[in-house]
>>> print(open('data-v5.txt').read())   # compact mmCIF, C-alpha atoms
# COMPACT_ATOMS: atom_id res chain seq x y z
CA MET A 443 -16.58 -0.42 -11.21
CA VAL A 444 -14.22 1.23 -8.71
CA LYS A 445 -12.41 4.45 -9.57
CA THR A 446 -8.99 4.57 -7.88
CA PRO A 447 -6.87 7.05 -9.85
CA ASN A 448 -4.27 7.50 -7.12
CA MET A 449 -3.67 3.80 -6.57
CA ASP A 450 -3.61 3.32 -10.34
CA ARG A 451 -0.94 5.98 -10.74
CA ILE A 452 1.23 4.54 -7.95
CA ALA A 453 0.87 1.05 -9.41
CA HIS A 454 1.96 2.38 -12.80
CA GLU A 455 5.04 3.89 -11.15
CA GLY A 456 5.87 0.80 -9.08
CA VAL A 457 5.34 -2.93 -8.55
CA ARG A 458 1.87 -4.40 -8.03
CA PHE A 459 1.69 -7.86 -6.47
CA THR A 460 -1.05 -10.26 -7.52
CA ASN A 461 -0.16 -12.99 -4.99
CA ALA A 462 0.18 -11.01 -1.76
CA PHE A 463 -1.33 -12.38 1.45
CA CYS A 464 -1.71 -11.32 5.05
CA ASN A 465 -0.27 -13.79 7.54
CA SER A 466 -3.57 -13.87 9.42
CA PRO A 467 -7.04 -12.75 8.22
CA SER A 468 -7.69 -10.59 11.28
CA CYS A 469 -6.70 -6.99 12.03
CA SER A 470 -4.48 -7.24 15.14
CA PRO A 471 -2.50 -10.36 14.20
CA SER A 472 -2.10 -9.29 10.59
CA ARG A 473 -0.67 -5.97 11.74
CA ALA A 474 1.46 -7.67 14.38
CA GLY A 475 2.98 -9.91 11.72
CA MET A 476 3.63 -6.92 9.48
CA LEU A 477 5.29 -4.94 12.28
CA THR A 478 7.44 -7.77 13.62
CA GLY A 479 8.14 -9.61 10.37
CA GLN A 480 7.17 -12.82 12.18
CA ASP A 481 4.51 -15.47 11.69
CA THR A 482 1.69 -14.77 14.11
CA TRP A 483 1.81 -18.17 15.83
CA ARG A 484 5.23 -17.08 17.14
CA LEU A 485 3.74 -14.01 18.86
CA LYS A 486 1.76 -15.65 21.70
CA GLU A 487 -1.29 -13.43 22.44
CA GLY A 488 -0.34 -11.37 19.39
CA ALA A 489 -2.06 -14.02 17.25
CA ASP A 490 -5.45 -12.93 18.64
CA LEU A 491 -7.69 -9.96 17.95
CA TRP A 492 -8.22 -7.42 20.77
CA SER A 493 -5.34 -8.77 22.86
CA ILE A 494 -1.72 -7.69 23.41
CA LEU A 495 1.61 -7.66 21.56
CA SER A 496 4.32 -8.46 24.07
CA THR A 497 7.34 -6.16 24.41
CA GLU A 498 9.58 -9.17 23.74
CA TYR A 499 8.81 -8.79 20.03
CA LYS A 500 10.75 -6.13 18.16
CA THR A 501 8.88 -4.02 15.63
CA TYR A 502 10.33 -2.28 12.60
CA PRO A 503 9.21 1.22 13.78
CA ASP A 504 11.17 0.76 17.03
CA LEU A 505 14.22 -0.55 15.17
CA LEU A 506 14.10 2.31 12.66
CA GLU A 507 13.66 4.87 15.44
CA ALA A 508 16.72 3.49 17.23
CA SER A 509 18.71 4.14 14.04
CA GLY A 510 17.58 7.78 13.81
CA TYR A 511 14.21 7.67 12.05
CA GLN A 512 11.15 9.56 13.20
CA VAL A 513 8.21 7.17 13.31
CA GLY A 514 4.54 8.04 13.23
CA PHE A 515 1.12 6.66 12.44
CA GLN A 516 -2.53 7.65 12.38
CA GLY A 517 -5.71 5.64 12.77
CA LYS A 518 -5.65 2.05 13.98
CA GLY A 519 -1.91 1.36 13.90
CA TRP A 520 -1.47 -1.95 15.67
CA GLY A 521 -4.86 -3.01 16.95
CA PRO A 522 -7.46 -3.37 18.07
CA GLY A 523 -6.01 -4.33 21.44
CA SER A 524 -4.26 -2.84 24.46
CA PHE A 525 -0.66 -1.79 24.07
CA GLU A 526 -0.74 -0.52 27.67
CA ALA A 527 -1.55 -4.01 28.99
CA SER A 528 1.51 -5.37 27.19
CA GLY A 529 3.76 -2.89 29.00
CA ARG A 530 4.35 -0.70 25.96
CA LYS A 531 4.38 3.06 26.34
CA ARG A 532 2.87 3.64 22.92
CA ASN A 533 1.21 1.84 20.04
CA PRO A 534 3.65 -0.55 18.32
CA GLY A 535 3.07 1.51 15.15
CA GLY A 536 4.98 4.47 16.61
CA ASP A 537 4.00 7.94 17.80
CA GLU A 538 0.37 8.78 17.05
CA TYR A 539 -0.65 11.81 14.96
CA LYS A 540 -3.98 13.22 13.89
CA SER A 541 -2.86 13.47 10.28
CA PHE A 542 0.05 13.00 7.92
CA ALA A 543 0.17 16.77 7.43
CA GLU A 544 0.67 17.24 11.18
CA PHE A 545 3.50 14.71 11.18
CA MET A 546 5.24 16.30 8.20
CA LYS A 547 4.90 19.77 9.69
CA GLY A 548 6.62 18.74 12.91
CA LYS A 549 9.33 16.40 11.67
CA HIS A 550 13.01 17.30 11.70
CA GLU A 551 14.25 19.05 8.57
CA GLY A 552 16.08 16.60 6.33
CA GLY A 553 15.69 13.72 8.77
CA ALA A 554 14.74 10.16 7.87
CA TRP A 555 11.19 9.15 8.71
CA THR A 556 8.52 6.49 8.28
CA TYR A 557 4.77 7.00 8.59
CA TRP A 558 1.87 4.56 8.66
CA LEU A 559 -1.38 6.06 7.39
CA CYS A 560 -3.99 3.65 8.73
CA SER A 561 -7.24 4.45 7.05
CA HIS A 562 -10.52 3.15 8.45
CA GLU A 563 -11.63 2.66 4.85
CA PRO A 564 -12.86 0.26 3.62
CA HIS A 565 -14.28 -0.94 6.94
CA ARG A 566 -17.74 -1.44 8.31
CA PRO A 567 -20.06 0.00 9.37
CA TYR A 568 -20.89 1.65 6.06
CA ASP A 569 -23.50 4.28 5.36
CA VAL A 570 -25.97 1.77 3.91
CA GLY A 571 -26.85 2.64 0.33
CA ILE A 572 -24.04 5.18 -0.12
CA GLY A 573 -22.52 3.18 -2.97
CA ILE A 574 -25.62 3.28 -5.14
CA ARG A 575 -26.32 6.91 -4.18
CA SER A 576 -22.79 7.83 -5.27
CA GLY A 577 -23.37 6.41 -8.75
CA ILE A 578 -22.07 2.83 -8.52
CA ASP A 579 -24.34 0.69 -10.70
CA PRO A 580 -25.32 -2.45 -8.76
CA LYS A 581 -26.27 -4.21 -12.00
CA LYS A 582 -22.63 -4.12 -13.14
CA ILE A 583 -21.29 -5.69 -9.95
CA ILE A 584 -19.93 -9.22 -10.30
CA VAL A 585 -21.13 -11.18 -7.26
CA PRO A 586 -18.62 -13.90 -6.26
CA GLY A 587 -19.84 -17.47 -6.37
CA TYR A 588 -19.88 -17.92 -2.59
CA LEU A 589 -22.50 -15.16 -2.10
CA PRO A 590 -26.14 -15.16 -3.23
CA ASP A 591 -26.87 -12.86 -6.16
CA HIS A 592 -29.50 -10.66 -4.55
CA PRO A 593 -30.12 -6.87 -4.56
CA GLU A 594 -29.21 -6.65 -0.84
CA VAL A 595 -25.85 -8.29 -1.53
CA ARG A 596 -25.20 -6.06 -4.53
CA LYS A 597 -26.07 -3.00 -2.44
CA ASP A 598 -23.63 -4.12 0.25
CA ILE A 599 -20.83 -4.64 -2.28
CA ALA A 600 -21.53 -1.20 -3.78
CA ASP A 601 -21.07 0.36 -0.32
CA TYR A 602 -17.75 -1.47 0.01
CA TYR A 603 -16.64 -0.18 -3.39
CA TYR A 604 -17.53 3.38 -2.41
CA SER A 605 -15.42 2.97 0.74
CA ILE A 606 -12.45 1.94 -1.42
CA GLU A 607 -12.87 5.12 -3.44
CA MET A 608 -12.77 7.13 -0.21
CA PHE A 609 -9.49 5.41 0.69
CA ASP A 610 -8.10 6.33 -2.70
CA LYS A 611 -8.93 9.99 -2.05
CA GLN A 612 -7.03 9.82 1.24
CA ILE A 613 -4.03 8.49 -0.66
CA GLY A 614 -4.30 11.43 -3.04
CA ASP A 615 -4.34 13.85 -0.11
CA ALA A 616 -1.21 12.26 1.36
CA ILE A 617 0.59 12.46 -1.98
CA GLU A 618 -0.25 16.15 -2.17
CA VAL A 619 1.33 16.69 1.26
CA LEU A 620 4.45 14.88 0.04
CA LYS A 621 4.59 17.05 -3.06
CA GLN A 622 4.36 20.20 -0.99
CA SER A 623 7.16 18.99 1.26
CA GLY A 624 9.40 18.34 -1.75
CA GLU A 625 10.06 14.78 -0.56
CA LEU A 626 7.83 12.78 -2.88
CA ASP A 627 10.69 11.63 -5.11
CA ASN A 628 12.65 10.31 -2.14
CA THR A 629 9.80 8.45 -0.44
CA VAL A 630 8.88 4.78 -0.73
CA LEU A 631 5.13 4.35 -1.03
CA VAL A 632 3.48 1.11 0.07
CA ILE A 633 -0.25 0.48 -0.29
CA CYS A 634 -1.85 -2.59 1.21
CA SER A 635 -4.80 -3.94 3.19
CA ASP A 636 -4.51 -5.84 6.46
CA ASN A 637 -7.01 -8.56 5.48
CA GLY A 638 -9.89 -9.39 3.17
CA TRP A 639 -13.34 -7.86 3.00
CA GLN A 640 -16.01 -8.20 5.69
CA MET A 641 -18.29 -10.63 3.92
CA PRO A 642 -19.06 -14.29 4.72
CA ARG A 643 -15.93 -16.38 3.90
CA GLY A 644 -13.89 -13.15 3.91
CA LEU A 645 -12.42 -11.52 7.04
CA ALA A 646 -11.40 -14.12 9.68
CA ASN A 647 -11.26 -16.93 7.10
CA LEU A 648 -8.26 -18.66 5.54
CA TYR A 649 -9.87 -18.61 2.11
CA ASP A 650 -8.42 -16.09 -0.34
CA PHE A 651 -11.29 -13.72 0.45
CA GLY A 652 -9.84 -13.32 3.94
CA THR A 653 -6.11 -13.51 3.23
CA HIS A 654 -5.48 -12.27 -0.32
CA VAL A 655 -4.63 -8.57 -0.13
CA PRO A 656 -3.61 -5.75 -2.46
CA LEU A 657 0.05 -4.71 -2.31
CA ILE A 658 1.74 -1.94 -4.31
CA ILE A 659 5.29 -0.68 -3.69
CA SER A 660 6.69 2.34 -5.50
CA TRP A 661 9.87 4.41 -5.55
CA PRO A 662 10.38 5.82 -9.07
CA GLY A 663 13.98 5.70 -10.17
CA ARG A 664 15.04 3.13 -7.57
CA PHE A 665 12.37 0.44 -7.94
CA LYS A 666 10.91 -1.20 -11.02
CA SER A 667 7.99 0.65 -12.58
CA ASN A 668 4.76 -0.51 -14.20
CA VAL A 669 5.50 -4.11 -13.19
CA VAL A 670 2.98 -6.75 -12.15
CA SER A 671 4.61 -9.46 -10.02
CA ASP A 672 3.13 -12.89 -9.36
CA HIS A 673 5.63 -13.68 -6.57
CA LEU A 674 4.05 -15.27 -3.51
CA VAL A 675 4.62 -12.73 -0.72
CA THR A 676 3.14 -11.81 2.64
CA LEU A 677 2.82 -8.59 4.61
CA ASN A 678 5.42 -10.07 7.00
CA ASP A 679 7.96 -9.37 4.24
CA LEU A 680 7.53 -5.61 4.69
CA ALA A 681 9.43 -5.30 7.99
CA PRO A 682 12.70 -6.83 6.70
CA THR A 683 12.25 -4.85 3.46
CA PHE A 684 12.06 -1.54 5.35
CA LEU A 685 15.04 -2.45 7.55
CA LYS A 686 17.14 -3.40 4.54
CA LEU A 687 16.23 -0.09 2.88
CA ALA A 688 17.52 1.70 5.97
CA GLY A 689 20.79 -0.21 5.84
CA LEU A 690 19.92 -2.35 8.85
CA THR A 691 20.14 -6.11 9.30
CA PRO A 692 16.75 -7.69 10.02
CA PRO A 693 16.69 -9.64 13.30
CA ALA A 694 17.21 -13.38 12.89
CA GLU A 695 13.78 -14.13 14.39
CA MET A 696 11.99 -12.48 11.47
CA THR A 697 10.40 -15.14 9.28
CA GLY A 698 9.54 -12.66 6.52
CA ALA A 699 12.00 -12.00 3.68
CA SER A 700 13.07 -8.70 2.12
CA LEU A 701 11.28 -7.87 -1.12
CA LEU A 702 14.16 -5.78 -2.45
CA PRO A 703 15.36 -8.58 -4.77
CA VAL A 704 11.91 -8.47 -6.37
CA ILE A 705 11.34 -4.71 -6.58
CA GLU A 706 14.75 -3.07 -7.06
CA LYS A 707 15.30 -1.75 -10.56
CA ASP A 708 18.60 -3.41 -11.37
CA ALA A 709 18.18 -6.55 -9.30
CA PRO A 710 18.53 -9.89 -11.10
CA GLU A 711 15.42 -12.03 -11.37
CA ALA A 712 14.60 -13.16 -7.85
CA ALA A 713 13.86 -16.75 -6.94
CA GLN A 714 10.21 -17.43 -6.23
CA ARG A 715 8.70 -19.11 -3.20
CA ASP A 716 6.80 -22.33 -3.78
CA PHE A 717 4.23 -21.44 -1.11
CA VAL A 718 3.29 -19.21 1.79
CA VAL A 719 1.82 -20.40 5.10
CA LEU A 720 -0.95 -18.51 6.87
CA GLY A 721 -2.89 -18.99 10.10
CA ARG A 722 -5.68 -17.88 12.36
CA GLU A 723 -6.51 -18.19 16.03
CA ARG A 724 -9.27 -16.30 17.83
CA HIS A 725 -10.82 -13.45 15.87
CA ALA A 726 -13.75 -11.94 17.78
CA PHE A 727 -15.15 -13.14 21.12
CA VAL A 728 -17.99 -15.02 19.42
CA ARG A 729 -18.00 -18.50 20.95
CA ARG A 730 -18.87 -19.49 24.50
CA HIS A 731 -15.95 -19.00 26.90
CA GLY A 732 -13.98 -17.11 24.26
CA LEU A 733 -12.97 -20.10 22.17
CA GLY A 734 -11.35 -19.44 18.82
CA TYR A 735 -11.34 -21.33 15.52
CA PRO A 736 -7.70 -22.30 14.97
CA GLY A 737 -6.47 -23.10 11.49
CA ARG A 738 -3.41 -23.04 9.26
CA ALA A 739 -3.24 -22.79 5.48
CA LEU A 740 -0.67 -23.33 2.77
CA ARG A 741 -1.13 -21.40 -0.47
CA THR A 742 0.68 -22.15 -3.72
CA LYS A 743 -0.13 -20.48 -7.00
CA GLN A 744 -2.49 -23.33 -7.84
CA PHE A 745 -3.71 -24.79 -4.56
CA LEU A 746 -5.00 -23.75 -1.16
CA TYR A 747 -4.75 -26.33 1.63
CA ILE A 748 -6.40 -25.63 5.00
CA LYS A 749 -6.19 -27.55 8.27
CA ASN A 750 -8.95 -26.79 10.78
CA TYR A 751 -7.81 -27.91 14.23
CA GLU A 752 -11.24 -27.70 15.92
CA PRO A 753 -13.80 -28.64 13.23
CA ASP A 754 -16.52 -29.23 15.84
CA ARG A 755 -16.60 -25.49 16.58
CA TRP A 756 -18.56 -23.02 14.49
CA PRO A 757 -16.10 -21.30 12.11
CA ALA A 758 -18.11 -18.09 11.86
CA GLY A 759 -19.02 -18.00 15.56
CA ASP A 760 -21.79 -19.63 17.54
CA PRO A 761 -25.35 -19.46 16.16
CA PRO A 762 -27.48 -17.46 15.86
CA LEU A 763 -25.14 -14.44 15.68
CA TYR A 764 -22.23 -15.93 13.66
CA GLY A 765 -20.22 -13.08 15.09
CA ASP A 766 -16.96 -13.51 13.17
CA ILE A 767 -18.86 -12.01 10.22
CA ASP A 768 -19.67 -8.31 10.27
CA PRO A 769 -21.84 -6.94 11.68
CA TYR A 770 -20.29 -9.03 14.50
CA MET A 771 -23.22 -9.20 16.89
CA PHE A 772 -25.88 -7.75 14.58
CA ASN A 773 -25.20 -4.53 16.48
CA TRP A 774 -25.51 -2.51 13.27
CA THR A 775 -26.87 -3.05 9.78
CA GLY A 776 -25.08 -5.33 7.32
CA PRO A 777 -27.34 -6.09 4.35
CA ALA A 778 -25.58 -9.19 3.00
CA LYS A 779 -25.26 -11.04 6.30
CA VAL A 780 -28.74 -10.07 7.46
CA TYR A 781 -30.26 -11.28 4.19
CA MET A 782 -28.39 -14.60 4.31
CA VAL A 783 -29.32 -15.35 7.93
CA ALA A 784 -32.94 -14.26 7.45
CA ASN A 785 -33.25 -16.59 4.44
CA LYS A 786 -31.03 -19.46 5.60
CA ASP A 787 -33.83 -21.99 5.07
CA ASN A 788 -34.62 -20.78 1.56
CA PRO A 789 -33.34 -23.47 -0.85
CA ALA A 790 -31.86 -20.74 -3.06
CA VAL A 791 -29.87 -19.23 -0.16
CA LYS A 792 -29.08 -22.22 2.06
CA PRO A 793 -25.99 -23.37 0.08
CA PHE A 794 -24.45 -19.92 0.49
CA PHE A 795 -25.41 -19.80 4.16
CA ASP A 796 -23.76 -23.18 4.71
CA LEU A 797 -20.58 -22.02 2.94
CA GLY A 798 -20.32 -18.93 5.10
CA MET A 799 -21.73 -20.01 8.45
CA GLY A 800 -21.80 -23.82 8.50
CA LYS A 801 -19.30 -26.17 10.10
CA ARG A 802 -16.31 -27.34 8.07
CA PRO A 803 -14.27 -30.54 7.87
CA GLY A 804 -10.80 -30.94 9.35
CA GLU A 805 -9.13 -30.47 5.97
CA GLU A 806 -9.96 -28.40 2.91
CA LEU A 807 -8.27 -28.30 -0.48
CA PHE A 808 -9.06 -26.09 -3.44
CA ASP A 809 -7.65 -25.79 -6.94
CA VAL A 810 -7.72 -22.00 -7.10
CA GLU A 811 -6.94 -21.93 -10.81
CA LYS A 812 -9.99 -24.03 -11.72
CA ASP A 813 -12.11 -22.92 -8.76
CA PRO A 814 -11.23 -19.30 -7.88
CA ASP A 815 -14.31 -18.94 -5.67
CA GLN A 816 -13.11 -21.97 -3.66
CA LEU A 817 -16.45 -23.74 -3.67
CA HIS A 818 -15.38 -27.35 -4.20
CA ASN A 819 -13.45 -29.03 -1.39
CA LEU A 820 -11.11 -31.62 -2.91
CA ALA A 821 -9.54 -32.77 0.36
CA TYR A 822 -11.47 -36.05 0.35
CA ASP A 823 -11.31 -36.66 -3.41
CA SER A 824 -9.08 -39.68 -4.08
CA ALA A 825 -7.79 -38.05 -7.27
CA TYR A 826 -6.11 -35.39 -5.12
CA LYS A 827 -4.79 -37.70 -2.40
CA GLU A 828 -1.11 -37.28 -3.30
CA ILE A 829 -1.41 -33.53 -3.81
CA LYS A 830 -3.06 -33.12 -0.42
CA ALA A 831 -0.42 -35.26 1.27
CA LYS A 832 2.38 -33.21 -0.27
CA LEU A 833 0.87 -29.87 0.72
CA ALA A 834 0.07 -31.08 4.24
CA SER A 835 3.64 -32.31 4.63
CA GLN A 836 5.11 -29.03 3.37
CA MET A 837 2.92 -27.05 5.75
CA LYS A 838 3.76 -29.21 8.76
CA GLU A 839 7.48 -28.95 7.99
CA TYR A 840 7.23 -25.15 7.82
CA LEU A 841 5.19 -24.93 11.02
CA VAL A 842 7.67 -27.13 12.88
CA LYS A 843 10.55 -25.03 11.54
CA THR A 844 8.86 -21.84 12.77
CA ASN A 845 8.00 -23.41 16.14
CA ASP A 846 4.21 -23.37 15.90
CA PRO A 847 2.70 -24.77 19.13
CA ARG A 848 -0.10 -26.31 17.06
CA GLU A 849 2.45 -28.69 15.55
CA VAL A 850 5.40 -28.87 17.97
CA GLY A 851 3.35 -28.91 21.18
CA GLY A 852 2.91 -26.20 23.76
CA ASP A 853 0.25 -24.11 25.39
CA THR A 854 -2.24 -23.78 22.53
CA GLY A 855 -4.90 -22.94 25.11
CA LEU A 856 -3.18 -19.58 25.51
CA TRP A 857 -5.08 -18.29 22.49
CA ASP A 858 -8.46 -19.17 24.01
CA ARG A 859 -7.51 -17.66 27.40
CA ALA A 860 -5.80 -14.53 26.10
CA PRO A 861 -7.28 -11.21 27.29
CA TYR A 862 -9.88 -9.68 25.02
CA PHE A 863 -10.20 -5.93 25.52
CA SER A 864 -13.68 -5.40 24.11
CA ASP A 865 -16.42 -6.16 26.58
CA ILE A 866 -19.22 -5.27 24.18
CA ASP A 867 -18.53 -8.48 22.24
CA LYS A 868 -18.66 -10.68 25.36
CA ARG A 869 -22.26 -9.68 26.06
CA ALA A 870 -23.79 -9.01 22.69
CA HIS A 871 -26.76 -6.68 22.20
CA PRO A 872 -28.27 -6.97 18.69
CA THR A 873 -30.13 -3.90 17.46
CA GLU A 874 -33.89 -3.84 17.80
CA GLU A 875 -34.19 -3.84 14.01
CA ASN A 876 -32.11 -6.99 13.68
CA ARG A 877 -33.87 -8.65 16.61
CA LYS A 878 -37.22 -8.21 14.89
CA ALA A 879 -35.94 -9.24 11.47
CA LEU A 880 -34.11 -12.36 12.67
CA GLY A 881 -35.98 -13.37 15.81
CA LEU A 882 -33.00 -12.71 18.08
CA ASP A 883 -32.83 -12.29 21.86
CA SER A 884 -31.85 -8.94 23.34
CA VAL A 885 -28.63 -10.24 24.98
CA TYR A 886 -26.17 -13.07 24.25
CA ASP A 887 -23.63 -13.78 26.98
CA TYR A 888 -20.55 -15.62 25.72
CA LEU A 889 -18.87 -15.61 29.13
CA LYS A 890 -21.20 -18.30 30.46
>>> encode(input="data-v5.txt", output="structure tokens")
Amino acid sequence: MVKTPNMDRIAHEGVRFTNAFCNSPSCSPSRAGMLTGQDTWRLKEGADLWSILSTEYKTYPDLLEASGYQVGFQGKGWGPGSFEASGRKRNPGGDEYKSFAEFMKGKHEGGAWTYWLCSHEPHRPYDVGIGIRSGIDPKKIIVPGYLPDHPEVRKDIADYYYSIEMFDKQIGDAIEVLKQSGELDNTVLVICSDNGWQMPRGLANLYDFGTHVPLIISWPGRFKSNVVSDHLVTLNDLAPTFLKLAGLTPPAEMTGASLLPVIEKDAPEAAQRDFVVLGRERHAFVRRHGLGYPGRALRTKQFLYIKNYEPDRWPAGDPPLYGDIDPYMFNWTGPAKVYMVANKDNPAVKPFFDLGMGKRPGEELFDVEKDPDQLHNLAYDSAYKEIKAKLASQMKEYLVKTNDPREVGGDTGLWDRAPYFSDIDKRAHPTEENRKALGLDSVYDYLK
């Protein structure tokens, strides 16, 4: 369905991970975890979207720069948020450039460097219908079990697929720049996403559709090639990996682990993790007074266990906007979400609406091998009582070890009070089209 020749080629030349996860299913915290190599609940306001990343947390670009590297990025970098409000003089991703070609043209001859090409693809808003117009056949799309199988949903997925193809073309352009510079063979290439797709139960959710991400790492000659790894890894592992590659010792506070034992060509078989632990705090400003929807999750190869700390809150944001799902405040068109909300009382759609927008219990447990779409919550099934207890215990032990205020005590209200540098979300203005289609008001004020 999706043509990605450049990613395919890099995967063939490197290691592709099938069990890679972001530490948090939200842009800013996911990127903060990747940059610092730390679990997001250790980063104070850095666990929230549109907030700050304190200068007390070291990032791999700063550490590499201190050792002689030139560091650059384009696009989002760390964000969205305000690096100025945190006291930083630049984005935590490094020095900003308009393009990779500009960076390569101005870098020191023969010097070490690292560059973060932050594409805005695939990210909403899409040009609605561009996927089908580009030749993607909606009839061939496999609709996941947590979404209704409807032409509007298929159209939305096709637009997402087209956006992935645009990202792949950007990768191809960057590779061409590397070839022209003569440095392709001595460059480590890493391809990943910061979180899952922007569909109900995706972005901002601890289900796989929000946390499971693509990850490819390639360096022909030095790293393994044409290998598919099922190791459980997170994007937090990238920072210590990069530092190790540069001959540096990762700071002790990094909770991620270097992936070199997994990817280096002559490395012995690396030990595998039994699980990874993930978390979320406030995504968008979509509940009254800026409240978040805190949760933690433990993922093994077979099970996903989730603890929701405030189950009385709306996980997708307060009705009727459900703003943690794009389009956040119905301030642009999003066919799948609009269709599901418009038809929420239709018996054929209501189960999907409830999965994506309804309230959830304090605990959730899924057998991801038997139930990959994570539709059947086993947390209150007596047959899984011992499994749930074991996973909950493992997660609590890890959270205590990594000093999570949710488990060891502390100012957990910080995440609800943290600054949010996007005023348009605080007073939402749905489009006229969506107001008419869904019976919405013209303004929703979440500050009241």
>>> residues_around(input="data-v5.txt", residues="segment 623-637 of chain A", least_positions_apart="5", cutoff="9 Å", atoms="only C-alpha atoms", output="CSV table (one decimal) with C-alpha atoms, in the frame of the given file")
chain,number,residue,atom,x,y,z
A,449,MET,CA,-3.7,3.8,-6.6
A,452,ILE,CA,1.2,4.5,-8.0
A,456,GLY,CA,5.9,0.8,-9.1
A,463,PHE,CA,-1.3,-12.4,1.4
A,464,CYS,CA,-1.7,-11.3,5.0
A,465,ASN,CA,-0.3,-13.8,7.5
A,466,SER,CA,-3.6,-13.9,9.4
A,467,PRO,CA,-7.0,-12.8,8.2
A,468,SER,CA,-7.7,-10.6,11.3
A,469,CYS,CA,-6.7,-7.0,12.0
A,470,SER,CA,-4.5,-7.2,15.1
A,472,SER,CA,-2.1,-9.3,10.6
A,473,ARG,CA,-0.7,-6.0,11.7
A,476,MET,CA,3.6,-6.9,9.5
A,546,MET,CA,5.2,16.3,8.2
A,547,LYS,CA,4.9,19.8,9.7
A,613,ILE,CA,-4.0,8.5,-0.7
A,617,ILE,CA,0.6,12.5,-2.0
A,618,GLU,CA,-0.2,16.2,-2.2
A,644,GLY,CA,-13.9,-13.2,3.9
A,645,LEU,CA,-12.4,-11.5,7.0
A,646,ALA,CA,-11.4,-14.1,9.7
A,651,PHE,CA,-11.3,-13.7,0.4
A,652,GLY,CA,-9.8,-13.3,3.9
A,653,THR,CA,-6.1,-13.5,3.2
A,654,HIS,CA,-5.5,-12.3,-0.3
A,655,VAL,CA,-4.6,-8.6,-0.1
A,656,PRO,CA,-3.6,-5.8,-2.5
A,657,LEU,CA,0.0,-4.7,-2.3
A,658,ILE,CA,1.7,-1.9,-4.3
A,659,ILE,CA,5.3,-0.7,-3.7
A,660,SER,CA,6.7,2.3,-5.5
A,661,TRP,CA,9.9,4.4,-5.6
A,662,PRO,CA,10.4,5.8,-9.1
A,663,GLY,CA,14.0,5.7,-10.2
A,677,LEU,CA,2.8,-8.6,4.6
>>> closest_residue(input="data-v5.txt", among="A:Ser605, A:Ser493, A:Thr676, A:Ser561", to="Phe542 of chain A", atoms="only C-alpha atoms")
A:Ser561
>>> closest_residue(input="data-v5.txt", among="A:Glu607, A:Glu805, A:Asp504, A:Glu706", to="Pro447 of chain A", atoms="all atoms listed in the file")
A:Glu607
>>> residues_around(input="data-v5.txt", residues="segment 859-862 of chain A", least_positions_apart="6", cutoff="8 Å", atoms="only C-alpha atoms", output="list in words")
Glu487, Asp490, Leu491, Trp492, Ser493, Ile494, Gly523, Phe727, Gly732 and Leu733 of chain A
>>> residues_around(input="data-v5.txt", residues="Leu820 of chain A", least_positions_apart="5", cutoff="9 Å", atoms="all atoms listed in the file", output="ChimeraX atom specification")
/A:806-809,825-827,830
>>> write_last_selection(input="data-v5.txt", atoms="C-alpha atoms", output="PDB file, in the coordinates of the input")
ATOM      1  CA  GLU A 806      -9.960 -28.400   2.910  1.00  0.00           C
ATOM      2  CA  LEU A 807      -8.270 -28.300  -0.480  1.00  0.00           C
ATOM      3  CA  PHE A 808      -9.060 -26.090  -3.440  1.00  0.00           C
ATOM      4  CA  ASP A 809      -7.650 -25.790  -6.940  1.00  0.00           C
ATOM      5  CA  ALA A 825      -7.790 -38.050  -7.270  1.00  0.00           C
ATOM      6  CA  TYR A 826      -6.110 -35.390  -5.120  1.00  0.00           C
ATOM      7  CA  LYS A 827      -4.790 -37.700  -2.400  1.00  0.00           C
ATOM      8  CA  LYS A 830      -3.060 -33.120  -0.420  1.00  0.00           C
TER       9      LYS A 830
END
>>> atom_distance(input="data-v5.txt", atom1="atom CA of Leu495 of chain A", atom2="atom CA of Thr556 of chain A")
20.6 Å
>>> atom_distance(input="data-v5.txt", atom1="atom CA of Val780 of chain A", atom2="atom CA of Val585 of chain A")
16.6 Å
>>> atom_distance(input="data-v5.txt", atom1="atom CA of Asp679 of chain A", atom2="atom CA of Ile705 of chain A")
12.3 Å
>>> closest_residue(input="data-v5.txt", among="A:Pro793, A:Gly536, A:Gly529, A:Gly881", to="Leu763 of chain A", atoms="only C-alpha atoms")
A:Gly881
>>> closest_residue(input="data-v5.txt", among="A:Ile574, A:Ala879, A:Val513, A:Leu889", to="His550 of chain A", atoms="only C-alpha atoms")
A:Val513
>>> closest_atom_pairs(input="data-v5.txt", of="segment 778-828 of chain A", to="segment 741-762 of chain A", cutoff="9 Å", atoms="all atoms listed in the file", output="tab-separated table")
residue	atom	partner	partner_atom	distance
A:Val783	CA	A:Pro762	CA	8.4
A:Gly798	CA	A:Ala758	CA	7.2
A:Met799	CA	A:Ala758	CA	5.3
A:Gly800	CA	A:Trp756	CA	6.9
A:Lys801	CA	A:Trp756	CA	5.5
A:Arg802	CA	A:Pro753	CA	5.9
A:Pro803	CA	A:Pro753	CA	5.7
A:Gly804	CA	A:Asn750	CA	4.8
A:Glu805	CA	A:Lys749	CA	4.7
A:Glu806	CA	A:Ile748	CA	5.0
A:Leu807	CA	A:Tyr747	CA	4.6
A:Phe808	CA	A:Leu746	CA	5.2
A:Asp809	CA	A:Phe745	CA	4.7
A:Val810	CA	A:Gln744	CA	5.4
A:Glu811	CA	A:Gln744	CA	5.5
A:Lys812	CA	A:Gln744	CA	8.5
A:Gln816	CA	A:Leu746	CA	8.7
A:Ala821	CA	A:Tyr747	CA	8.1
>>> decode(input="data-v5.txt", residues="segment 622-626 of chain A", atoms="C-alpha atoms", output="tab-separated table (two decimals), in the first residue's frame")
chain	number	residue	atom	x	y	z
A	622	GLN	CA	27.45	14.37	-2.95
A	623	SER	CA	29.41	15.20	0.19
A	624	GLY	CA	31.24	11.86	0.01
A	625	GLU	CA	30.31	11.09	3.62
A	626	LEU	CA	27.49	8.59	3.16
